[in-house]
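File shown here: structure-v7.txt, holding compact mmCIF, C-alpha atoms.
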```txt
# COMPACT_ATOMS: atom_id res chain seq x y z
CA SER A 16 -4.92 4.10 -6.60
CA LEU A 17 -2.94 7.19 -7.58
CA SER A 18 -5.31 8.34 -10.29
CA LEU A 19 -8.17 8.40 -7.81
CA THR A 20 -6.70 10.57 -5.12
CA GLY A 21 -6.52 13.84 -7.05
CA LYS A 22 -4.33 16.92 -7.10
CA GLY A 23 -5.31 17.74 -3.54
CA HIS A 24 -3.33 14.65 -2.57
CA ALA A 25 -0.39 15.49 -4.87
CA THR A 26 -1.26 12.63 -7.18
CA ASP A 27 -0.21 14.63 -10.24
CA LEU A 28 3.27 15.03 -8.76
CA ALA A 29 3.47 11.34 -7.87
CA VAL A 30 2.53 10.39 -11.44
CA MET A 31 5.23 12.63 -12.92
CA LEU A 32 7.88 11.33 -10.53
CA GLY A 33 6.91 7.74 -11.31
CA LEU A 34 7.08 8.28 -15.06
CA SER A 35 10.47 9.88 -14.58
CA GLY A 36 11.74 6.65 -13.08
CA ALA A 37 11.97 7.89 -9.49
CA ASP A 38 11.85 5.15 -6.88
CA PRO A 39 9.39 6.16 -4.11
CA GLU A 40 11.41 4.14 -1.61
CA TYR A 41 14.68 5.96 -2.15
CA ILE A 42 14.21 9.29 -3.97
CA PRO A 43 15.81 12.13 -1.95
CA VAL A 44 13.16 14.61 -0.81
CA GLU A 45 15.23 17.51 -2.12
CA SER A 46 15.13 16.02 -5.63
CA ILE A 47 11.34 16.14 -5.92
CA ASP A 48 11.00 19.90 -6.53
CA VAL A 49 13.93 19.86 -8.96
CA ILE A 50 12.34 17.15 -11.14
CA ILE A 51 8.85 18.68 -11.08
CA SER A 52 10.12 22.20 -11.83
CA ALA A 53 12.13 20.92 -14.80
CA ILE A 54 9.08 19.16 -16.24
CA ASN A 55 6.87 22.24 -15.88
CA LYS A 56 9.52 24.56 -17.30
CA ASN A 57 10.67 22.45 -20.25
CA GLN A 58 7.35 20.71 -21.00
CA GLN A 59 9.36 17.50 -21.22
CA LEU A 60 9.64 14.40 -19.09
CA TYR A 61 12.70 12.15 -18.90
CA LEU A 62 10.77 8.90 -19.26
CA ALA A 63 12.06 6.12 -16.99
CA ASN A 64 15.40 7.94 -16.81
CA HIS A 65 15.95 6.82 -20.40
CA TYR A 66 14.80 9.42 -22.97
CA TYR A 67 12.83 12.67 -23.18
CA ILE A 68 9.20 12.90 -24.30
CA ASP A 69 6.98 15.95 -24.73
CA PHE A 70 4.84 16.29 -21.63
CA ASN A 71 2.47 19.07 -20.57
CA PRO A 72 1.13 18.37 -17.07
CA LYS A 73 -1.95 20.54 -17.63
CA GLU A 74 -2.93 18.61 -20.74
CA ASN A 75 -1.53 15.14 -20.17
CA ILE A 76 -2.78 14.53 -16.62
CA LYS A 77 -6.55 14.29 -16.53
CA PHE A 78 -8.77 13.09 -13.71
CA ASN A 79 -11.92 14.29 -11.97
CA TRP A 80 -11.57 14.79 -8.24
CA TYR A 81 -14.48 15.74 -5.98
CA PRO A 82 -13.18 17.30 -2.77
CA GLY A 83 -14.73 16.54 0.59
CA PHE A 84 -14.58 13.89 3.29
CA SER A 85 -18.14 12.57 2.97
CA VAL A 86 -18.65 9.09 1.58
CA SER A 87 -20.87 10.48 -1.17
CA GLN A 88 -18.09 12.78 -2.43
CA LYS A 89 -15.56 9.98 -2.30
CA GLN A 90 -17.87 7.73 -4.26
CA ARG A 91 -18.28 10.40 -6.96
CA SER A 92 -14.51 10.30 -7.42
CA ILE A 93 -14.60 6.52 -7.48
CA HIS A 94 -17.27 6.53 -10.18
CA SER A 95 -15.29 9.00 -12.27
CA LEU A 96 -12.10 6.98 -12.12
CA HIS A 97 -13.76 3.62 -12.72
CA LYS A 98 -15.63 5.07 -15.72
CA GLU A 99 -12.31 6.22 -17.22
CA PHE A 100 -10.76 2.85 -16.43
CA LYS A 101 -13.50 0.92 -18.23
CA GLU A 102 -13.29 3.19 -21.27
CA LYS A 103 -9.56 2.55 -21.56
CA PHE A 104 -9.33 -1.10 -20.50
CA GLY A 105 -12.60 -2.56 -21.73
CA ASN A 106 -13.79 -5.60 -19.81
CA LEU A 107 -11.16 -5.52 -17.06
CA LYS A 108 -12.73 -5.28 -13.60
CA VAL A 109 -11.68 -2.69 -11.02
CA LEU A 110 -12.56 -2.67 -7.31
CA GLU A 111 -12.41 0.11 -4.73
CA VAL A 112 -10.89 -1.26 -1.50
CA SER A 113 -11.66 1.15 1.33
CA THR A 114 -14.42 2.04 3.76
CA ALA A 115 -15.91 4.18 0.94
CA SER A 116 -16.37 1.20 -1.39
CA GLU A 117 -19.87 0.43 -2.56
CA GLU A 118 -19.03 -3.27 -2.45
CA GLU A 119 -19.31 -4.80 1.01
CA PHE A 120 -16.26 -6.97 0.38
CA GLY A 121 -14.40 -3.82 -0.71
CA LYS A 122 -15.16 -2.28 2.68
CA GLU A 123 -14.03 -5.43 4.44
CA CYS A 124 -10.68 -5.10 2.67
CA SER A 125 -9.97 -1.85 4.52
CA ALA A 126 -6.96 -2.37 6.81
CA PHE A 127 -9.19 -1.26 9.70
CA ASN A 128 -11.64 -4.09 8.94
CA LEU A 129 -9.46 -6.88 7.50
CA GLN A 130 -8.74 -9.32 10.34
CA LEU A 131 -5.91 -11.74 10.96
CA THR A 132 -6.33 -14.59 13.46
CA LEU A 133 -3.24 -15.56 15.44
CA ARG A 134 -2.46 -19.06 16.70
CA ASN A 135 -3.92 -18.24 20.13
CA GLY A 136 -7.27 -17.48 18.49
CA ASN A 137 -7.13 -13.73 18.99
CA LYS A 138 -8.20 -11.59 16.04
CA TYR A 139 -6.73 -8.20 15.17
CA SER A 140 -7.14 -5.84 12.27
CA VAL A 141 -4.22 -5.37 9.89
CA GLU A 142 -4.00 -1.74 10.97
CA SER A 143 -3.79 -2.71 14.66
CA LEU A 144 -1.05 -5.26 14.03
CA PHE A 145 0.88 -2.90 11.79
CA GLN A 146 0.84 -0.02 14.27
CA SER A 147 1.48 -2.17 17.34
CA SER A 148 4.53 -3.76 15.68
CA LYS A 149 6.36 -0.43 15.51
CA VAL A 150 9.51 -0.17 17.62
CA PHE A 151 11.04 3.22 18.47
CA LYS A 152 14.61 3.98 19.48
CA ASN A 153 13.81 5.35 22.94
CA TYR A 154 10.20 4.40 23.61
CA GLY A 155 10.51 0.81 22.45
CA ARG A 156 7.46 -1.03 21.19
CA VAL A 157 4.09 0.71 21.29
CA ASN A 158 1.16 -0.37 23.45
CA GLN A 159 -0.42 -3.48 21.92
CA ASP A 160 -3.59 -3.45 24.01
CA LEU A 161 -5.30 -0.53 22.24
CA ASP A 162 -7.56 -0.46 19.21
CA ALA A 163 -6.17 0.63 15.84
CA LYS A 164 -7.18 4.29 16.06
CA ALA A 165 -5.90 4.64 19.62
CA ILE A 166 -2.59 3.04 18.64
CA LYS A 167 -2.26 5.46 15.70
CA ARG A 168 -2.79 8.40 18.05
CA GLN A 169 -0.14 7.03 20.40
CA VAL A 170 2.30 6.52 17.52
CA ARG A 171 1.81 10.10 16.32
CA SER A 172 2.64 11.43 19.77
CA ILE A 173 5.74 9.23 20.03
CA GLU A 174 7.00 10.20 16.55
CA VAL A 175 7.28 13.85 17.55
CA ASN A 176 10.40 13.21 19.63
CA ASP A 177 11.44 9.68 18.73
CA LYS A 178 12.63 7.65 15.77
CA LEU A 179 11.11 4.49 14.31
CA ILE A 180 13.84 1.85 14.00
CA GLU A 181 12.07 -1.40 13.00
CA PHE A 182 8.94 -3.55 13.14
CA ASP A 183 8.61 -6.52 15.48
CA PHE A 184 5.86 -9.00 14.62
CA LEU A 185 5.62 -12.11 16.80
CA GLY A 186 9.33 -11.85 17.51
CA VAL A 187 10.31 -11.51 13.85
CA LYS A 188 12.01 -8.21 13.08
CA PHE A 189 11.32 -6.38 9.83
CA PRO A 190 13.53 -3.55 8.52
CA LEU A 191 12.16 -0.14 7.57
CA LEU A 192 13.20 -0.51 3.93
CA PRO A 193 11.55 -1.12 1.58
CA ARG A 194 9.08 1.17 3.31
CA THR A 195 5.94 -0.77 2.30
CA TYR A 196 7.49 -4.20 2.89
CA PHE A 197 6.10 -5.14 6.31
CA TYR A 198 2.65 -3.65 5.70
CA ASN A 199 2.18 -5.43 2.39
CA TRP A 200 3.43 -8.75 3.77
CA LEU A 201 1.05 -8.45 6.73
CA TYR A 202 -1.91 -7.46 4.53
CA VAL A 203 -1.31 -10.30 2.07
CA ASN A 204 -1.15 -12.79 4.97
CA ALA A 205 -4.46 -11.52 6.37
CA LEU A 206 -6.13 -11.62 2.96
CA PHE A 207 -4.85 -15.15 2.35
CA GLN A 208 -6.34 -16.25 5.65
CA ASN A 209 -9.78 -14.88 4.74
CA THR A 210 -10.83 -17.31 2.03
CA GLU A 211 -14.10 -15.64 1.08
CA LEU A 212 -12.45 -12.25 0.73
CA SER A 213 -9.44 -13.54 -1.16
CA ASN A 214 -11.63 -15.42 -3.63
CA PHE A 215 -13.56 -12.21 -4.22
CA ILE A 216 -10.35 -10.26 -4.82
CA LEU A 217 -9.23 -12.81 -7.41
CA GLN A 218 -12.24 -11.89 -9.55
CA TYR A 219 -10.78 -8.42 -10.22
CA ASP A 220 -7.96 -7.07 -12.36
CA ALA A 221 -7.19 -3.72 -10.70
CA PHE A 222 -7.81 -1.87 -7.44
CA THR A 223 -8.24 1.69 -6.18
CA ASP A 224 -8.06 3.25 -2.71
CA ILE A 225 -9.79 6.62 -2.34
CA ASN A 226 -8.32 7.23 1.11
CA PHE A 227 -4.70 6.92 0.09
CA ASN A 228 -2.85 10.23 0.31
CA PRO A 229 0.81 10.09 -0.84
CA ASN A 230 1.47 13.32 1.07
CA LYS A 231 0.63 11.64 4.36
CA SER A 232 0.81 7.90 3.78
CA ILE A 233 3.16 5.29 2.38
CA ASN A 234 1.07 2.16 2.50
CA CYS A 235 -1.84 1.59 0.14
CA GLN A 236 -4.54 -1.08 0.33
CA ALA A 237 -4.94 -1.08 -3.47
CA GLU A 238 -1.24 -1.86 -3.89
CA ALA A 239 -1.44 -4.67 -1.33
CA CYS A 240 -4.40 -6.22 -3.17
CA SER A 241 -2.52 -5.97 -6.47
CA ILE A 242 0.44 -7.78 -4.91
CA PHE A 243 -1.87 -10.50 -3.60
CA LEU A 244 -3.38 -10.91 -7.07
CA TYR A 245 0.06 -11.13 -8.69
CA LEU A 246 1.30 -13.74 -6.22
CA ALA A 247 -1.88 -15.81 -6.45
CA LYS A 248 -1.99 -15.86 -10.25
CA ASN A 249 1.65 -16.91 -10.41
CA SER A 250 1.30 -19.64 -7.75
CA LEU A 251 3.67 -17.80 -5.41
CA LEU A 252 1.40 -17.19 -2.43
CA ASN A 253 2.33 -20.13 -0.23
CA ASP A 254 6.07 -19.47 -0.36
CA SER A 255 5.78 -15.71 0.02
CA ILE A 256 3.53 -15.66 3.08
CA ARG A 257 5.51 -18.30 4.95
CA SER A 258 8.82 -16.61 4.32
CA PRO A 259 9.29 -12.85 4.64
CA LYS A 260 12.60 -13.33 2.80
CA LYS A 261 10.83 -14.88 -0.17
CA PHE A 262 8.20 -12.14 -0.17
CA LEU A 263 10.94 -9.52 -0.23
CA GLU A 264 12.62 -11.18 -3.19
CA LEU A 265 9.44 -11.82 -5.18
CA VAL A 266 7.72 -8.49 -4.65
CA TYR A 267 10.62 -6.07 -4.30
CA ARG A 268 13.25 -7.96 -6.29
CA LYS A 269 15.69 -7.49 -3.41
CA LYS A 270 18.24 -9.90 -1.99
CA ASP A 271 20.15 -7.34 0.05
CA LYS A 272 21.75 -9.19 2.96
CA GLU A 273 21.38 -6.14 5.19
CA SER A 274 17.64 -6.05 4.53
CA ILE A 275 16.98 -9.72 5.26
CA SER A 276 19.76 -10.84 7.57
CA GLU A 277 17.50 -10.85 10.62
CA LEU A 278 14.54 -12.48 8.89
CA GLY A 279 14.04 -16.17 9.47
CA GLU A 280 11.45 -18.58 8.19
CA ILE A 281 8.24 -18.15 10.15
CA GLU A 282 5.27 -20.46 10.08
CA SER A 283 2.25 -18.97 8.39
CA GLU A 284 -0.63 -17.84 10.60
CA THR A 285 -2.99 -19.16 7.94
CA GLU A 286 -5.56 -21.70 9.02
CA THR A 287 -7.26 -22.24 5.66
CA ASP A 288 -6.09 -22.63 2.09
CA ILE A 289 -7.31 -20.67 -0.95
```
Kindly present the structure from the file in structure tokens form.
Amino acid sequence: SLSLTGKGHATDLAVMLGLSGADPEYIPVESIDVIISAINKNQQLYLANHYYIDFNPKENIKFNWYPGFSVSQKQRSIHSLHKEFKEKFGNLKVLEVSTASEEEFGKECSAFNLQLTLRNGNKYSVESLFQSSKVFKNYGRVNQDLDAKAIKRQVRSIEVNDKLIEFDFLGVKFPLLPRTYFYNWLYVNALFQNTELSNFILQYDAFTDINFNPNKSINCQAEACSIFLYLAKNSLLNDSIRSPKKFLELVYRKKDKESISELGEIESETETDI
């Protein structure tokens, strides 16, 4: 998804930080400018924190970005990226997963459209469940009776003077770190439940998300789809969706007791099998 979002979304900086071995979950904010300035000044990049390589950001980072919020402009960027992808990776298939996708299933994979059905029969979008599971230090849990966009507006107003402390989904508490943990687990569960969508996703090799902006967002639909694909192809889906602990270990390679001490086994919300 990064290569699609363009310099206007600081994608070039994110690419350089990633190549330098910086962990997006834990890199200190004050270190970002230091690393980027050193790369620009020295025309070198400390690859994976292991050894230096020659690197000129103006020459080595190439992508076409078409600014604008219209769907047509977004789709021009999508076409540009997917064209480059096919030239480099041959027959591998790439799918845009956002409301700007030209594939109907790609649109349905937007977190605002992807639905998860709970045991009581109620259906909610991934975005609604994610936002309504937020718990703040003073305010507590946000209003769960609003739609996704209304909940996001409420969360923004709360965040001004309050601090997010955890996520609470059906009584199961999720920690804030890793920062994409709860969102990705929730998204993968919803995708697993939607058999037609999940089977469609399994036909692809890579994913992009035009709407992802690393300056403003942490969670990315393209990343969540990639995680789903990885788990499915390695026969790890069943274990990982039923157990948040297992998902944490498989996806994030973490067994930190502080991160998972409050997580218990929870029964999957899934009603159908892939």
For this session: List the neighbours of range 171-187 of chain A out to 6 Å using all atoms listed in the file; skip same-chain residues closer than 2 positions along the sequence, and give me the result as a PyMOL selection string.
Result: chain A and resi 148-152+168-169+189-191
Exercise. In Å, with one decimal, what is the gap from CA of Asn158 in chain A to CA of Val170 in chain A?
Worked result: 9.2 Å
Identify, on the basis of all atoms listed in the file, every residue whose closest approach to Val266 in chain A does not exceed 10 Å; exclude the query and any residue fewer than 5 positions from it along the same chain; express the result as an mmCIF file with C-alpha atoms, keeping the file's coordinate frame.
```cif
data_model
loop_
_atom_site.group_PDB
_atom_site.id
_atom_site.type_symbol
_atom_site.label_atom_id
_atom_site.label_comp_id
_atom_site.auth_asym_id
_atom_site.auth_seq_id
_atom_site.Cartn_x
_atom_site.Cartn_y
_atom_site.Cartn_z
ATOM 1 C CA TYR A 196 7.490 -4.200 2.890
ATOM 2 C CA ASN A 199 2.180 -5.430 2.390
ATOM 3 C CA TRP A 200 3.430 -8.750 3.770
ATOM 4 C CA ILE A 242 0.440 -7.780 -4.910
ATOM 5 C CA PHE A 243 -1.870 -10.500 -3.600
ATOM 6 C CA TYR A 245 0.060 -11.130 -8.690
ATOM 7 C CA LEU A 246 1.300 -13.740 -6.220
ATOM 8 C CA SER A 255 5.780 -15.710 0.020
ATOM 9 C CA LYS A 261 10.830 -14.880 -0.170
#
```
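Taking CA of Tyr81 in chain A and CA of Gln236 in chain A as the two end points, the separation is 20.5 Å.
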Exercise. Which polymer residues have any atom within 12 Å of an atom of Asn55 in chain A, counting only C-alpha atoms, with same-chain residues fewer than 2 positions away left out, as an MDAnalysis selection string?
Worked result: chainID A and resid 27:28 31 48:53 57:60 69:75
Exercise. By how many Å are CA of Asn79 in chain A and CA of Tyr67 in chain A apart?
Worked result: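 Between these atoms lies a distance of 27.2 Å.
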For this session: Name the residues in contact with Lys89 in chain A at a cut-off of 9 Å, using only C-alpha atoms, excluding same-chain residues fewer than 4 positions from it; report them as an MDAnalysis selection string.
Result: chainID A and resid 80:85 93:94 115:116 225:226
Now that the selection is made, can you save its residues with C-alpha atoms as a PDB file, in the coordinates of the input?
```
ATOM      1  CA  TRP A  80     -11.570  14.790  -8.240  1.00  0.00           C
ATOM      2  CA  TYR A  81     -14.480  15.740  -5.980  1.00  0.00           C
ATOM      3  CA  PRO A  82     -13.180  17.300  -2.770  1.00  0.00           C
ATOM      4  CA  GLY A  83     -14.730  16.540   0.590  1.00  0.00           C
ATOM      5  CA  PHE A  84     -14.580  13.890   3.290  1.00  0.00           C
ATOM      6  CA  SER A  85     -18.140  12.570   2.970  1.00  0.00           C
ATOM      7  CA  ILE A  93     -14.600   6.520  -7.480  1.00  0.00           C
ATOM      8  CA  HIS A  94     -17.270   6.530 -10.180  1.00  0.00           C
ATOM      9  CA  ALA A 115     -15.910   4.180   0.940  1.00  0.00           C
ATOM     10  CA  SER A 116     -16.370   1.200  -1.390  1.00  0.00           C
ATOM     11  CA  ILE A 225      -9.790   6.620  -2.340  1.00  0.00           C
ATOM     12  CA  ASN A 226      -8.320   7.230   1.110  1.00  0.00           C
TER      13      ASN A 226
END
```
Problem set entry | Closest of A:Ile54, A:Thr223, A:Ala237, A:Phe127 to Ser95 in chain A - atom-to-atom distances counting only C-alpha atoms |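 Checking each candidate against Ser95 in chain A, we get A:Thr223 as the closest.
Taking all atoms listed in the file into account, the residues near (-10.2, -8.2, 17.0), no farther than 12 Å, are Phe127, Asn128, Leu129, Gln130, Leu131, Thr132, Leu133, Gly136, Asn137, Lys138, Tyr139, Ser140, Val141, Glu142, Ser143, Leu144, Gln159, Asp160, Leu161, Asp162 and Ala163 of chain A.
Nearest to Cys124 in chain A of all the residues A:Ala37, A:Leu212, A:Ala165, A:Val44 is A:Leu212, counting only C-alpha atoms.
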Exercise. In terms of the shortest atom-to-atom distance over all atoms listed in the file, which of A:Glu238, A:Pro43, A:Ala221, A:Asn249 is closest to Leu96 in chain A?
Worked result: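 Checking each of A:Glu238, A:Pro43, A:Ala221, A:Asn249 against Leu96 in chain A, counting all atoms listed in the file, the winner is A:Ala221.
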Problem set entry | Long-range neighbours of Lys98 in chain A as a list in words, 12 Å cut-off, only C-alpha atoms, 3 positions minimum in chain |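 What passes the distance filter is Leu19, Phe78, Asn79, Gln90, Arg91, Ser92, Ile93, His94, Ser95, Lys101, Glu102, Lys103, Phe104, Gly105, Asn106, Leu107, Lys108, Val109 and Leu110 of chain A.
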For this session: Tell me which of A:Gly155, A:Glu123, A:Gln88, A:Lys167 sits closest to Ala205 in chain A, counting only C-alpha atoms.
Result: A:Glu123
